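Peer 1: Below is target10.cif; it holds mmCIF, C-alpha atoms and all ligand atoms.
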data_final
loop_
_atom_site.label_atom_id
_atom_site.label_comp_id
_atom_site.auth_asym_id
_atom_site.auth_seq_id
_atom_site.Cartn_x
_atom_site.Cartn_y
_atom_site.Cartn_z
CA MET A 1 0.00 0.00 0.00
CA ARG A 2 1.28 3.48 -0.82
CA GLU A 3 2.17 5.47 2.29
CA TYR A 4 1.49 9.17 2.82
CA ASN A 5 3.58 9.96 5.84
CA PHE A 6 2.51 13.18 7.55
CA GLY A 7 3.58 11.72 10.88
CA SER A 8 6.81 13.05 12.27
CA GLY A 9 8.88 16.21 11.78
CA ARG A 10 11.66 15.13 9.47
CA PRO A 11 13.25 16.75 6.44
CA ASP A 12 12.83 15.53 2.88
CA PRO A 13 14.92 12.37 2.24
CA LEU A 14 15.94 13.71 -1.19
CA SER A 15 17.45 16.83 0.36
CA PHE A 16 19.80 14.73 2.52
CA PRO A 17 23.30 15.57 1.18
CA SER A 18 24.56 11.97 0.92
CA GLU A 19 27.32 12.74 -1.54
CA GLY A 20 28.65 15.76 0.32
CA LEU A 21 28.60 13.90 3.62
CA ALA A 22 30.34 10.87 2.08
CA GLU A 23 33.14 13.13 0.80
CA ALA A 24 33.31 14.91 4.16
CA ALA A 25 33.50 11.52 5.93
CA ALA A 26 36.35 10.33 3.71
CA ARG A 27 38.29 13.57 4.27
CA VAL A 28 37.79 13.84 8.00
CA ILE A 29 38.52 10.18 8.70
CA ALA A 30 41.69 10.32 6.58
CA ASP A 31 42.87 13.49 8.35
CA HIS A 32 41.61 13.04 11.91
CA GLY A 33 40.34 9.47 12.18
CA SER A 34 42.94 8.52 14.79
CA LYS A 35 41.16 10.87 17.25
CA LEU A 36 38.45 8.25 17.38
CA VAL A 37 40.58 6.07 19.64
CA ASP A 38 39.78 8.63 22.36
CA TYR A 39 36.50 9.26 24.13
CA PRO A 40 34.97 12.58 23.09
CA GLU A 41 35.62 15.48 25.45
CA GLY A 42 32.80 16.18 27.94
CA LYS A 43 31.08 18.89 25.89
CA GLY A 44 31.61 17.07 22.61
CA TYR A 45 33.69 17.56 19.45
CA LEU A 46 34.86 21.18 19.36
CA PRO A 47 34.53 21.88 15.61
CA LEU A 48 30.83 20.94 15.71
CA ARG A 49 30.29 23.16 18.74
CA GLU A 50 31.92 25.92 16.69
CA ILE A 51 29.42 25.28 13.90
CA ALA A 52 26.56 25.46 16.45
CA ALA A 53 27.96 28.79 17.70
CA MET A 54 28.31 30.14 14.15
CA ARG A 55 24.74 29.08 13.36
CA PHE A 56 23.44 30.86 16.46
CA GLU A 57 25.53 33.98 15.92
CA ARG A 58 24.38 34.45 12.36
CA SER A 59 20.68 34.34 13.13
CA GLU A 60 20.81 35.97 16.57
CA ARG A 61 23.56 38.55 15.97
CA LYS A 62 24.89 37.74 19.42
CA SER A 63 27.93 35.73 20.31
CA LEU A 64 27.61 32.30 21.87
CA PRO A 65 30.87 31.10 23.45
CA VAL A 66 31.70 27.50 22.52
CA GLU A 67 32.38 26.80 26.22
CA ASP A 68 28.64 27.34 26.81
CA ILE A 69 27.65 24.67 24.25
CA ALA A 70 27.55 20.91 24.79
CA LEU A 71 26.69 18.30 22.17
CA THR A 72 24.09 15.66 22.95
CA SER A 73 22.65 12.60 21.28
CA GLY A 74 19.86 14.54 19.58
CA SER A 75 18.21 17.41 21.39
CA MET A 76 16.14 14.76 23.15
CA GLN A 77 19.12 13.90 25.32
CA ALA A 78 19.43 17.55 26.33
CA LEU A 79 15.80 17.44 27.45
CA GLN A 80 16.52 14.30 29.41
CA LEU A 81 19.52 15.91 31.11
CA LEU A 82 17.38 18.92 31.98
CA SER A 83 14.64 16.82 33.54
CA GLU A 84 17.16 14.85 35.54
CA ALA A 85 18.94 17.97 36.75
CA TYR A 86 15.93 20.13 37.55
CA VAL A 87 12.82 18.02 38.09
CA LYS A 88 12.43 15.62 40.97
CA PRO A 89 9.78 12.91 40.49
CA GLY A 90 6.37 14.38 41.26
CA GLU A 91 7.45 17.97 40.54
CA ILE A 92 5.75 20.19 38.01
CA ILE A 93 6.83 21.13 34.49
CA VAL A 94 4.89 23.98 32.87
CA THR A 95 4.38 23.65 29.10
CA GLU A 96 2.30 25.16 26.32
CA SER A 97 -1.25 23.73 26.24
CA PHE A 98 -0.15 21.67 23.24
CA THR A 99 3.45 20.60 22.94
CA TYR A 100 5.83 18.05 21.47
CA GLY A 101 4.68 14.53 22.37
CA GLY A 102 8.26 13.25 22.70
CA SER A 103 8.98 15.80 25.42
CA LEU A 104 5.70 14.95 27.16
CA GLY A 105 6.66 11.26 27.12
CA LEU A 106 10.09 12.03 28.52
CA PHE A 107 8.70 14.28 31.26
CA ARG A 108 6.12 11.65 32.18
CA ARG A 109 8.85 9.02 32.50
CA ARG A 110 10.44 11.40 34.97
CA GLN A 111 7.08 11.27 36.80
CA ALA A 112 6.71 15.00 36.37
CA ARG A 113 3.25 16.53 36.74
CA LEU A 114 2.48 18.47 33.55
CA VAL A 115 0.63 21.77 33.59
CA GLY A 116 -0.38 23.23 30.21
CA VAL A 117 -0.74 27.00 29.77
CA PRO A 118 -3.37 28.16 27.22
CA MET A 119 -2.08 29.51 23.92
CA ASP A 120 -3.34 31.67 21.07
CA ASP A 121 -1.95 32.20 17.56
CA HIS A 122 1.17 33.77 19.10
CA GLY A 123 2.03 31.01 21.53
CA MET A 124 1.68 30.83 25.30
CA ILE A 125 -0.56 33.57 26.75
CA MET A 126 1.38 35.52 29.36
CA SER A 127 -1.54 36.40 31.64
CA GLU A 128 -2.27 32.66 31.80
CA LEU A 129 1.35 31.83 32.55
CA GLU A 130 1.39 34.40 35.31
CA ALA A 131 -1.88 33.03 36.75
CA THR A 132 -0.49 29.48 36.63
CA LEU A 133 2.74 30.39 38.43
CA LYS A 134 0.84 32.42 40.99
CA ARG A 135 -1.56 29.56 41.69
CA LEU A 136 1.36 27.18 42.11
CA ALA A 137 3.22 29.65 44.34
CA ASP A 138 0.08 30.06 46.47
CA GLN A 139 0.14 26.28 46.90
CA GLY A 140 3.82 26.50 47.90
CA THR A 141 4.99 24.85 44.66
CA LYS A 142 7.66 25.99 42.24
CA PRO A 143 7.86 24.24 38.84
CA GLY A 144 11.10 22.54 37.80
CA PHE A 145 11.03 24.62 34.63
CA ILE A 146 8.86 26.22 31.95
CA TYR A 147 9.29 24.27 28.72
CA THR A 148 8.52 26.34 25.63
CA ILE A 149 8.93 25.93 21.87
CA ALA A 150 8.64 29.65 21.27
CA SER A 151 9.64 29.51 17.59
CA HIS A 152 7.82 27.23 15.15
CA GLN A 153 5.89 25.71 17.96
CA ASN A 154 5.32 21.99 17.71
CA PRO A 155 2.44 21.27 16.96
CA THR A 156 0.80 24.66 16.24
CA GLY A 157 3.54 26.29 14.14
CA SER A 158 3.23 29.67 15.92
CA ILE A 159 6.09 32.08 16.60
CA MET A 160 5.99 33.99 19.87
CA PRO A 161 6.54 37.73 19.24
CA VAL A 162 9.45 39.47 20.92
CA GLU A 163 7.31 41.51 23.37
CA ARG A 164 5.75 38.31 24.67
CA ARG A 165 9.18 36.73 25.02
CA GLU A 166 10.31 39.69 27.13
CA GLN A 167 7.22 39.26 29.31
CA LEU A 168 7.85 35.54 29.66
CA LEU A 169 11.39 36.22 30.88
CA GLU A 170 10.19 38.88 33.29
CA ILE A 171 7.58 36.52 34.78
CA ALA A 172 10.04 33.61 34.97
CA ARG A 173 12.60 35.79 36.78
CA ARG A 174 9.98 37.10 39.18
CA TYR A 175 8.92 33.58 40.12
CA ASP A 176 12.52 32.37 39.89
CA VAL A 177 11.73 29.57 37.43
CA LEU A 178 14.13 28.19 34.82
CA VAL A 179 13.02 28.48 31.16
CA VAL A 180 13.84 25.80 28.60
CA ASP A 181 13.91 27.31 25.11
CA ASP A 182 13.52 24.40 22.65
CA HIS A 183 14.70 25.94 19.40
CA CYS A 184 14.94 22.76 17.43
CA TYR A 185 13.17 24.17 14.31
CA GLY A 186 15.04 27.47 14.50
CA ASP A 187 16.44 27.81 10.99
CA ILE A 188 13.41 26.60 9.08
CA ILE A 189 11.72 29.91 8.41
CA PHE A 190 9.91 31.21 5.33
CA ASP A 191 8.66 34.56 6.60
CA MET A 192 11.56 36.52 8.05
CA ASP A 193 9.21 39.34 9.13
CA GLN A 194 7.96 37.03 11.87
CA ALA A 195 11.43 35.98 13.06
CA ALA A 196 12.08 36.76 16.72
CA PRO A 197 15.21 36.52 18.85
CA THR A 198 15.45 33.39 20.97
CA LEU A 199 14.67 33.58 24.67
CA TYR A 200 18.31 32.67 25.27
CA THR A 201 19.38 35.71 23.23
CA LEU A 202 17.10 38.04 25.19
CA ASP A 203 18.14 36.73 28.59
CA ASP A 204 21.15 38.00 30.49
CA SER A 205 20.37 36.52 33.88
CA GLY A 206 21.03 32.79 33.45
CA THR A 207 17.28 32.06 33.44
CA VAL A 208 17.29 30.16 30.13
CA VAL A 209 18.72 26.92 28.77
CA TYR A 210 18.73 26.80 24.97
CA ILE A 211 18.25 23.64 22.95
CA GLY A 212 19.32 23.16 19.34
CA SER A 213 19.47 20.25 16.93
CA PHE A 214 20.82 19.17 13.56
CA SER A 215 17.91 16.70 13.21
CA LYS A 216 15.52 19.06 11.51
CA ILE A 217 17.93 20.48 8.95
CA LEU A 218 19.85 17.27 8.25
CA GLY A 219 18.11 14.24 9.72
CA PRO A 220 17.37 12.75 13.14
CA GLY A 221 19.44 9.68 12.21
CA VAL A 222 22.67 11.63 12.77
CA ARG A 223 21.64 12.13 16.46
CA GLN A 224 23.46 15.41 16.83
CA GLY A 225 21.80 17.92 19.13
CA TYR A 226 23.11 20.43 21.66
CA PHE A 227 22.26 22.77 24.44
CA ALA A 228 23.66 26.08 25.58
CA ALA A 229 23.67 27.09 29.21
CA PRO A 230 25.62 29.29 31.58
CA PRO A 231 28.55 27.45 33.31
CA SER A 232 26.82 26.46 36.56
CA ARG A 233 23.85 24.97 34.74
CA MET A 234 26.15 23.36 32.19
CA ASN A 235 27.88 21.44 34.95
CA GLN A 236 24.61 20.40 36.59
CA MET A 237 23.36 19.04 33.29
CA LEU A 238 26.57 17.34 32.21
CA HIS A 239 26.75 15.63 35.59
CA ASN A 240 24.03 13.28 34.36
CA LYS A 241 25.58 12.63 30.94
CA VAL A 242 27.04 9.22 31.61
CA ASP A 243 27.07 7.79 28.07
CA GLY A 244 30.80 8.23 27.42
CA GLY A 245 30.17 11.21 25.14
CA THR A 246 28.26 12.15 22.01
CA ASN A 247 29.14 10.11 18.90
CA MET A 248 32.34 11.78 17.71
CA LEU A 249 32.39 10.16 14.28
CA ALA A 250 28.97 11.63 13.47
CA SER A 251 30.04 15.00 14.93
CA MET A 252 33.20 15.01 12.80
CA ILE A 253 31.35 14.29 9.57
CA VAL A 254 28.62 16.87 10.20
CA ALA A 255 31.18 19.52 11.21
CA GLU A 256 33.38 18.83 8.17
CA TYR A 257 30.39 19.13 5.84
CA PHE A 258 28.79 22.18 7.45
CA LYS A 259 32.02 24.15 7.73
CA ASP A 260 31.61 24.95 4.02
CA HIS A 261 27.95 24.17 3.33
CA LEU A 262 25.81 25.26 6.27
CA TRP A 263 24.29 28.38 4.67
CA SER A 264 23.73 26.86 1.22
CA HIS A 265 22.23 23.77 2.84
CA LEU A 266 19.84 25.86 4.96
CA ALA A 267 18.76 27.87 1.92
CA MET A 268 18.03 24.64 0.03
CA VAL A 269 16.13 23.06 2.94
CA ASN A 270 14.02 26.20 3.35
CA ARG A 271 13.16 26.29 -0.36
CA VAL A 272 12.06 22.66 -0.30
CA MET A 273 10.09 23.03 2.97
CA GLN A 274 8.32 26.17 1.79
CA GLU A 275 7.17 24.39 -1.34
CA ARG A 276 5.85 21.52 0.79
CA ARG A 277 4.04 23.91 3.11
CA ASP A 278 2.46 25.72 0.17
CA THR A 279 1.41 22.43 -1.42
CA MET A 280 -0.14 21.24 1.81
CA THR A 281 -2.05 24.46 2.54
CA ALA A 282 -3.35 24.51 -1.06
CA SER A 283 -4.45 20.85 -0.76
CA LEU A 284 -6.12 21.58 2.58
CA ALA A 285 -8.00 24.52 1.04
CA GLU A 286 -9.19 22.28 -1.79
CA HIS A 287 -10.19 19.22 0.23
CA PHE A 288 -10.75 20.35 3.83
CA GLY A 289 -12.27 23.73 2.91
CA PRO A 290 -15.52 22.08 1.70
CA LEU A 291 -15.90 20.38 5.11
CA GLY A 292 -17.11 23.72 6.43
CA PRO A 293 -15.95 26.71 8.48
CA ALA A 294 -15.38 24.61 11.61
CA VAL A 295 -12.32 23.15 9.88
CA GLN A 296 -9.32 25.44 10.18
CA TRP A 297 -5.60 25.09 9.71
CA SER A 298 -2.52 27.13 10.43
CA ASN A 299 -0.28 28.62 7.73
CA PRO A 300 3.01 28.36 9.61
CA PRO A 301 5.76 30.87 8.82
CA GLY A 302 8.34 28.10 9.30
CA GLY A 303 8.96 24.82 11.04
CA LEU A 304 7.55 21.54 9.78
CA PHE A 305 3.94 21.36 10.96
CA ILE A 306 0.39 22.40 10.15
CA TRP A 307 -2.14 22.18 12.97
CA VAL A 308 -5.62 21.33 11.77
CA LYS A 309 -8.75 21.99 13.83
CA VAL A 310 -11.60 19.67 12.91
CA PRO A 311 -15.26 19.96 13.98
CA ASP A 312 -15.99 18.82 17.52
CA ASP A 313 -18.21 15.97 16.33
CA VAL A 314 -15.32 14.24 14.54
CA ASP A 315 -14.09 11.13 16.32
CA ILE A 316 -10.40 11.87 15.90
CA ALA A 317 -9.19 8.43 16.94
CA GLU A 318 -11.49 6.92 14.34
CA ALA A 319 -10.35 9.40 11.66
CA VAL A 320 -6.70 8.56 12.37
CA ARG A 321 -7.46 4.83 12.34
CA LEU A 322 -9.32 5.05 9.03
CA ALA A 323 -6.53 7.16 7.54
CA GLY A 324 -3.93 4.63 8.70
CA SER A 325 -5.86 1.84 7.03
CA ARG A 326 -5.55 3.79 3.76
CA GLY A 327 -1.85 4.57 4.17
CA VAL A 328 -2.12 8.12 5.59
CA VAL A 329 -0.11 8.57 8.77
CA CYS A 330 -0.69 11.54 11.09
CA PRO A 331 -0.97 11.89 14.86
CA PRO A 332 -4.14 13.00 16.64
CA GLY A 333 -4.13 16.17 18.75
CA ARG A 334 -4.16 14.07 21.90
CA ALA A 335 -0.48 13.17 21.33
CA PHE A 336 0.36 16.82 22.14
CA SER A 337 -1.87 17.25 25.15
CA PRO A 338 -0.08 17.53 28.52
CA GLU A 339 -3.33 16.37 30.14
CA ASP A 340 -3.54 13.43 27.67
CA GLU A 341 -7.00 14.56 26.61
CA ASP A 342 -8.84 14.04 23.35
CA VAL A 343 -8.80 17.31 21.42
CA PRO A 344 -10.30 18.02 17.99
CA TYR A 345 -7.01 18.51 16.15
CA LEU A 346 -4.65 16.71 13.79
CA ARG A 347 -1.00 17.56 13.23
CA LEU A 348 0.35 17.31 9.72
CA ALA A 349 4.11 17.23 9.12
CA PHE A 350 4.93 18.50 5.63
CA GLY A 351 8.73 18.10 5.50
CA TYR A 352 9.08 14.41 4.78
CA PRO A 353 6.34 13.56 2.22
CA SER A 354 6.90 14.40 -1.45
CA VAL A 355 4.73 16.95 -3.29
CA PRO A 356 2.74 14.14 -5.03
CA ASP A 357 2.27 12.36 -1.67
CA ILE A 358 0.84 15.55 -0.19
CA ARG A 359 -1.45 16.13 -3.18
CA ASP A 360 -2.73 12.54 -3.13
CA GLY A 361 -2.78 11.99 0.64
CA ILE A 362 -4.71 15.07 1.78
CA PRO A 363 -7.93 14.16 -0.11
CA ILE A 364 -7.81 10.69 1.48
CA LEU A 365 -7.42 12.26 4.91
CA ALA A 366 -10.33 14.63 4.21
CA ASP A 367 -12.47 11.60 3.31
CA CYS A 368 -11.55 9.90 6.59
CA VAL A 369 -12.34 13.01 8.65
CA LYS A 370 -15.70 13.23 6.91
CA ALA A 371 -16.38 9.53 7.51
CA ALA A 372 -15.53 9.91 11.22
CA SER A 373 -17.72 12.95 11.80
CA GLY A 374 -20.84 12.52 13.85
CA VAL A 375 -19.82 9.01 14.88
CA ARG A 376 -18.37 9.87 18.29
CA VAL A 377 -19.57 7.40 20.89
CA GLU A 378 -19.41 8.91 24.39
CA ALA A 379 -17.87 6.58 26.96
C1 LIG B 401 10.22 20.37 19.74
C2 LIG B 401 11.14 19.20 19.60
N1 LIG B 401 12.18 19.09 20.44
C3 LIG B 401 13.05 18.07 20.37
C4 LIG B 401 12.89 17.08 19.42
C5 LIG B 401 13.87 15.93 19.40
O1 LIG B 401 14.67 15.97 18.26
P1 LIG B 401 16.11 15.34 18.19
O2 LIG B 401 16.35 14.53 19.44
O3 LIG B 401 16.11 14.48 16.98
O4 LIG B 401 17.06 16.49 18.09
C6 LIG B 401 11.82 17.15 18.51
C7 LIG B 401 11.61 16.11 17.49
O5 LIG B 401 10.63 16.05 16.80
C8 LIG B 401 10.92 18.24 18.62
O6 LIG B 401 9.88 18.38 17.80
#
Rewrite the structure from the file as structure tokens, please.
Peer 2:
Amino acid sequence: MREYNFGSGRPDPLSFPSEGLAEAAARVIADHGSKLVDYPEGKGYLPLREIAAMRFERSERKSLPVEDIALTSGSMQALQLLSEAYVKPGEIIVTESFTYGGSLGLFRRRQARLVGVPMDDHGMIMSELEATLKRLADQGTKPGFIYTIASHQNPTGSIMPVERREQLLEIARRYDVLVVDDHCYGDIIFDMDQAAPTLYTLDDSGTVVYIGSFSKILGPGVRQGYFAAPPSRMNQMLHNKVDGGTNMLASMIVAEYFKDHLWSHLAMVNRVMQERRDTMTASLAEHFGPLGPAVQWSNPPGGLFIWVKVPDDVDIAEAVRLAGSRGVVCPPGRAFSPEDEDVPYLRLAFGYPSVPDIRDGIPILADCVKAASGVRVEA
């Protein structure tokens, strides 16, 4: 059966630079391969940390010292280190009201209690964050951290404007709560007018830990992520990194390739992703539009996801099951709910499927949503 995979946030397989990476691998192994008899240094392979710093400095116009950057096995490991360093079992993590399911799963494994803060089209609503922190403080509780995907939010695709970021930092400082700035989709942006500085860039008080990744611009298979944190937090986080270090061979190859190709690669990835986004929004207009005004979808200025609101009478689990039986893969809104509640949304990832897969898969999905409407059986 043909598959239409709108499931996870991955780049297009055809944009993976196999040839360039193969040449980079041959060069770097010939020149520096003998370094691989050593364990990587604690913060990871320096030339890749230099690439991470260069990437940050170009978009943020602020320097990021390489000493403040540590490589991890995907950004997921950075999130794991954060939870282990800052959240005791049973403690609270504050998130957006919808957020990345992988992080939710990780936080739940840590036995954290998850508290979602309502959002609008511009991300977390600050009056709601303030009310949440106040309520917790009144109960004598301080969250382990606030976890936010302020840019290209997963799943909604929103970008938090700079004024709101400033407010978030002010509130976090006032309640003395750490902020985790998951910037894993950072460089995938089609509308530069909506670009905003990262929370890490705006902060000068050590309130923020920044998370980056090469997964979304290259591929999650390389497992190269990183975090940036001030020295005291860096040490607290690295204390729990007991894996012998981040894969140095992969770091070497990625660093060797990106030292000459980072900007051209990013431009190419953005061109491809923008075309996919445009194809998907056009297909949604054609096939979901006729389902009525209760169906709405985001037009994200970057990132890899479109968030689709379906009418309340659609049985989402049934729609997803029907779609799966016809080869269309996409997660239900529930996967992004900190409260693990059924919500009338679907998340569509547009980076991985080809243009023809998007054009042919969206009408099938629309059919399945239609077939699952009005069939909800209350428990
Ligand atoms: C918001 C967010 N953070 C972190 C990750 C983990 O990515 P990786 O570990 O591949 O860097 C993902 C993956 O989808 C994500 O969407």
Peer 1: Could you list, as a VMD selection string, all residues that come within 9 Å of ligand LIG 401 (chain B)? Count only C-alpha atoms and all ligand atoms.
Peer 2: chain A and resid 8 to 10 72 to 79 99 to 103 148 to 149 152 to 155 182 to 185 211 to 216 219 to 226 304
Peer 1: When you draw a straight line from CA of Gln111 in chain A to CA of Ala85 in chain A, how long is it in Å?
Peer 2: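 Between CA of Gln111 in chain A and CA of Ala85 in chain A the gap is 13.6 Å.
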Peer 1: Set out as CSV a contact list for range 31-115 of chain A and range 244-266 of chain A with a cut-off of 7 Å, giving each residue of range 31-115 of chain A that qualifies its closest atom pair and distance in Å to one decimal, counting all atoms listed in the file, ordered by chain and rising residue number.
Peer 2:
residue,atom,partner,partner_atom,distance
A:Tyr39,CA,A:Gly244,CA,6.7
A:Pro40,CA,A:Gly245,CA,5.4
A:Glu41,CA,A:Gly245,CA,6.9
A:Gly42,CA,A:Gly245,CA,6.3
A:Gly44,CA,A:Thr246,CA,6.0
A:Tyr45,CA,A:Met248,CA,6.2
A:Pro47,CA,A:Ala255,CA,6.0
A:Leu48,CA,A:Ala255,CA,4.7
A:Ile51,CA,A:Ala255,CA,6.6
A:Leu71,CA,A:Thr246,CA,6.3
A:Thr72,CA,A:Thr246,CA,5.5
A:Ser73,CA,A:Thr246,CA,5.7
Peer 1: Between CA of Asp176 in chain A and CA of Met234 in chain A, what is the spacing in Å?
Peer 2: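 CA of Met234 in chain A sits 18.1 Å away from CA of Asp176 in chain A.
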Peer 1: Rank nothing, just name the residue among A:Pro13, A:Pro65, A:Gly157, A:Gly123 nearest to Ser298 in chain A, using all atoms listed in the file.
Peer 2: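 The closest residue to Ser298 in chain A is A:Gly157.
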Peer 1: Write out as JSON, numbers by chain each polymer residue whose atoms come within 10 Å of Leu178 in chain A, counting all atoms listed in the file; drop sequence neighbours fewer than 3 positions from it.
Peer 2: {"A": [86, 143, 144, 145, 146, 147, 169, 172, 173, 175, 181, 206, 207, 208, 209]}
Peer 1: Between CA of Leu104 in chain A and CA of Pro338 in chain A, what distance in Å does the model show, to one decimal?
Peer 2: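 About the pair CA of Leu104 in chain A and CA of Pro338 in chain A: they are 6.5 Å apart.
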Peer 1: Hey, which of A:Ser97, A:Ser325, A:Thr198, A:Thr281 ends up closest to Asp340 in chain A? Count only C-alpha atoms.
Peer 2: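 Answer, going by the shortest atom-to-atom distance: A:Ser97.
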